[in-house]
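Asks: Following this message is one structure expressed as structure tokens.
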Amino acid sequence: MQLMEAASRHGVEKMVCTGSASSYPSHAPFPLSEQDLFKGLPDVLREAHGIAKRLAWIQARAYRQQYGFRCVFLIPTNFYGPGDNFDPKTCYVIPSLIRKFVEANEDGSDEVVIGGSGCATRDFLHVDDCAEAIVLALERYAGGDAVNLGSGIEVGIHDVARKIARATGYNGRILWDPTYPDGPTRRGRGVTRAQKEFGFKANKTLVEGLAETVDWYRSIRANAESKSAETKVFAKGHQRPTAPARGDL
């Protein structure tokens, strides 16, 4: 809110603001279309987050009308890739699954348990494609309508899990725990407006993107383990200074 206000006051030519797919109504028709954004409340589990993200677009529209300030509003889908958050307490589905399968390989586990039924679907966008879309919108789009960003391909979580298992070389069993909530059943979206307005189309396939992300994560783990080993060697070899004898004081 404050950034948009400051940009408007100081003559910024154009601003790009990103929203969230959580803003869409819980019962919106599929594929999710920009004109349905306000036709109901978001899913109750993400309601506060979804409404907060909607408000940025409301502000952008108001500033465009009142001050002529050009703020482009984009709604990216679930994006992933190198540099993602792999913290098990806060990460999203793709980094969470990559971590599970990589650790299962390292531990020699013959099964991996995943929360949910695996039946929910999502649209995943590689971070490089997402970044390209934002730059294209900044350069070529000046409209006031919200624009979806996505691959346009709806994929089941069970299929994502199998793809990640292959990318990590995991050959054990995959078990699903349906006591965990799936969240919204579907999250596919229409992406024709992005193609029409500023020529964006996702280039990287999910298989390619997952392989790249797995390689990045493994390299980060290897570097972390190497640094940990170096620290232990230093700590073991480092001698604490002995106290001087009384006569030396």
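Naming scheme: A, B, ... for chains in displayed order of the structure tokens; residues 1 onward per chain; ligands 1 onward as shown.
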Near Asp128 of chain A, counting only C-alpha atoms, which residues have an atom at most 9 Å away, once you skip same-chain residues fewer than 3 positions from it, shown as a ChimeraX atom specification?
Replies: /A:80-81,125,131-133,204
Asks: Output C-alpha atoms for every residue in the selection just made, as a JSON list (two decimals), in the first residue's frame.
Replies:
[["chain", "number", "residue", "atom", "x", "y", "z"],
["A", 80, "TYR", "CA", 9.03, -23.00, -8.05],
["A", 81, "GLY", "CA", 12.67, -23.46, -8.99],
["A", 125, "LEU", "CA", 5.28, -22.04, -13.22],
["A", 131, "ALA", "CA", 10.42, -13.46, -13.93],
["A", 132, "GLU", "CA", 10.24, -13.18, -17.71],
["A", 133, "ALA", "CA", 6.49, -12.57, -17.55],
["A", 204, "LYS", "CA", 10.11, -24.60, -19.34]]
Asks: Expressed in Å to a single decimal, how great is the separation between atom CA of Lys201 of chain A and atom CA of Leu32 of chain A?
Replies: 16.8 Å
Asks: Tell me, in Å to one decimal, how far atom CA of Leu74 of chain A is from atom CA of Val160 of chain A.
Replies: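 These two atoms are separated by 24.9 Å.
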Asks: Write out as a list in words each polymer residue whose atoms come within 12 Å of segment 4-7 of chain A, counting only C-alpha atoms; drop sequence neighbours fewer than 4 positions from it.
Replies: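 That gives Gly11, Val12, Glu13, Lys14, Met15, Val16, Cys17, Ala56, Trp57, Ile58, Gln59, Ala60, Arg61, Ala62, Tyr63, Arg64, Tyr67, Gly68, Phe69, Arg70, Cys71, Val72 and Phe73 of chain A.
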Asks: Let's have the selection written as a short mmCIF file (atom, residue, chain, number, x, y, z; two decimals), in the first residue's frame, with N, CA and C atoms.
Replies:
data_model
loop_
_atom_site.label_atom_id
_atom_site.label_comp_id
_atom_site.auth_asym_id
_atom_site.auth_seq_id
_atom_site.Cartn_x
_atom_site.Cartn_y
_atom_site.Cartn_z
N GLY A 11 6.22 10.14 -9.14
CA GLY A 11 6.29 10.12 -10.60
C GLY A 11 6.84 8.86 -11.23
N VAL A 12 6.74 7.72 -10.53
CA VAL A 12 7.16 6.46 -11.13
C VAL A 12 6.27 6.19 -12.35
N GLU A 13 6.88 5.84 -13.47
CA GLU A 13 6.14 5.69 -14.72
C GLU A 13 5.18 4.50 -14.71
N LYS A 14 5.64 3.38 -14.16
CA LYS A 14 4.80 2.19 -14.12
C LYS A 14 5.27 1.28 -12.99
N MET A 15 4.32 0.60 -12.39
CA MET A 15 4.62 -0.32 -11.30
C MET A 15 3.95 -1.66 -11.60
N VAL A 16 4.63 -2.75 -11.28
CA VAL A 16 4.03 -4.08 -11.40
C VAL A 16 3.78 -4.62 -10.00
N CYS A 17 2.56 -5.03 -9.74
CA CYS A 17 2.18 -5.59 -8.44
C CYS A 17 1.70 -7.02 -8.67
N ALA A 56 -4.89 -5.08 -3.09
CA ALA A 56 -3.84 -4.38 -3.84
C ALA A 56 -4.35 -4.00 -5.24
N TRP A 57 -5.15 -4.88 -5.83
CA TRP A 57 -5.69 -4.56 -7.15
C TRP A 57 -6.73 -3.44 -7.06
N ILE A 58 -7.53 -3.47 -6.00
CA ILE A 58 -8.51 -2.40 -5.78
C ILE A 58 -7.78 -1.05 -5.67
N GLN A 59 -6.68 -1.04 -4.92
CA GLN A 59 -5.91 0.19 -4.77
C GLN A 59 -5.32 0.61 -6.11
N ALA A 60 -4.79 -0.36 -6.87
CA ALA A 60 -4.20 -0.04 -8.18
C ALA A 60 -5.25 0.58 -9.11
N ARG A 61 -6.45 0.03 -9.11
CA ARG A 61 -7.52 0.57 -9.95
C ARG A 61 -7.90 1.98 -9.51
N ALA A 62 -7.98 2.19 -8.20
CA ALA A 62 -8.36 3.50 -7.69
C ALA A 62 -7.30 4.56 -8.04
N TYR A 63 -6.03 4.19 -7.92
CA TYR A 63 -4.95 5.13 -8.22
C TYR A 63 -4.89 5.43 -9.72
N ARG A 64 -5.21 4.44 -10.54
CA ARG A 64 -5.25 4.66 -11.98
C ARG A 64 -6.36 5.66 -12.32
N TYR A 67 -5.45 9.24 -10.10
CA TYR A 67 -4.16 9.93 -10.32
C TYR A 67 -3.54 9.62 -11.68
N GLY A 68 -4.13 8.70 -12.43
CA GLY A 68 -3.52 8.31 -13.71
C GLY A 68 -2.28 7.47 -13.52
N PHE A 69 -2.12 6.87 -12.34
CA PHE A 69 -0.94 6.06 -12.03
C PHE A 69 -1.10 4.66 -12.63
N ARG A 70 -0.12 4.24 -13.41
CA ARG A 70 -0.19 2.95 -14.08
C ARG A 70 0.43 1.86 -13.21
N CYS A 71 -0.43 1.06 -12.63
CA CYS A 71 0.03 -0.09 -11.85
C CYS A 71 -0.56 -1.35 -12.48
N VAL A 72 0.29 -2.20 -12.96
CA VAL A 72 -0.10 -3.44 -13.62
C VAL A 72 -0.23 -4.53 -12.56
N PHE A 73 -1.34 -5.25 -12.59
CA PHE A 73 -1.60 -6.27 -11.56
C PHE A 73 -1.55 -7.66 -12.17
#
Asks: Segment 50-54 of chain A: which residues within 10 Å, counting only C-alpha atoms, same-chain residues fewer than 4 positions away excluded, as a VMD selection string?
Replies: chain A and resid 17 to 25 37 to 38 41 to 46 58 to 59 73 75
Asks: My list of candidates is A:Asp159, A:Asp145, A:Pro76, A:Tyr170. Which is closest to Glu111 of chain A when distances are computed with only C-alpha atoms?
Replies: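 For Glu111 of chain A, the nearest of the candidates is A:Tyr170.
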Asks: Using only C-alpha atoms, determine which residues lie at most 12 Å from Ala104 of chain A, disregarding the query and same-chain residues fewer than 5 positions distant; provide the list as a PyMOL selection string.
Replies: chain A and resi 97-99+109-113+165+168-174
Asks: Give me, as a ChimeraX atom specification, all polymer residues having an atom no more than 9 Å from Arg193 of chain A, counting only C-alpha atoms and skipping those fewer than 3 positions away in the same chain.
Replies: /A:34,147-149,190,196-200
Asks: A:His27, A:Val102, A:Gln2, A:Ser8: which is nearest Arg221 of chain A, counting only C-alpha atoms?
Replies: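 Of all the options, A:Val102 lies closest to Arg221 of chain A.
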Asks: Based on the backbone DSSP call, show me all residues of chain A assigned helix (DSSP H, G or I), as number ranges by chain.
Replies: A: 2-9, 21-23, 34-36, 44-67, 93-107, 127-140, 157-168, 192-198, 206-237, 246-248
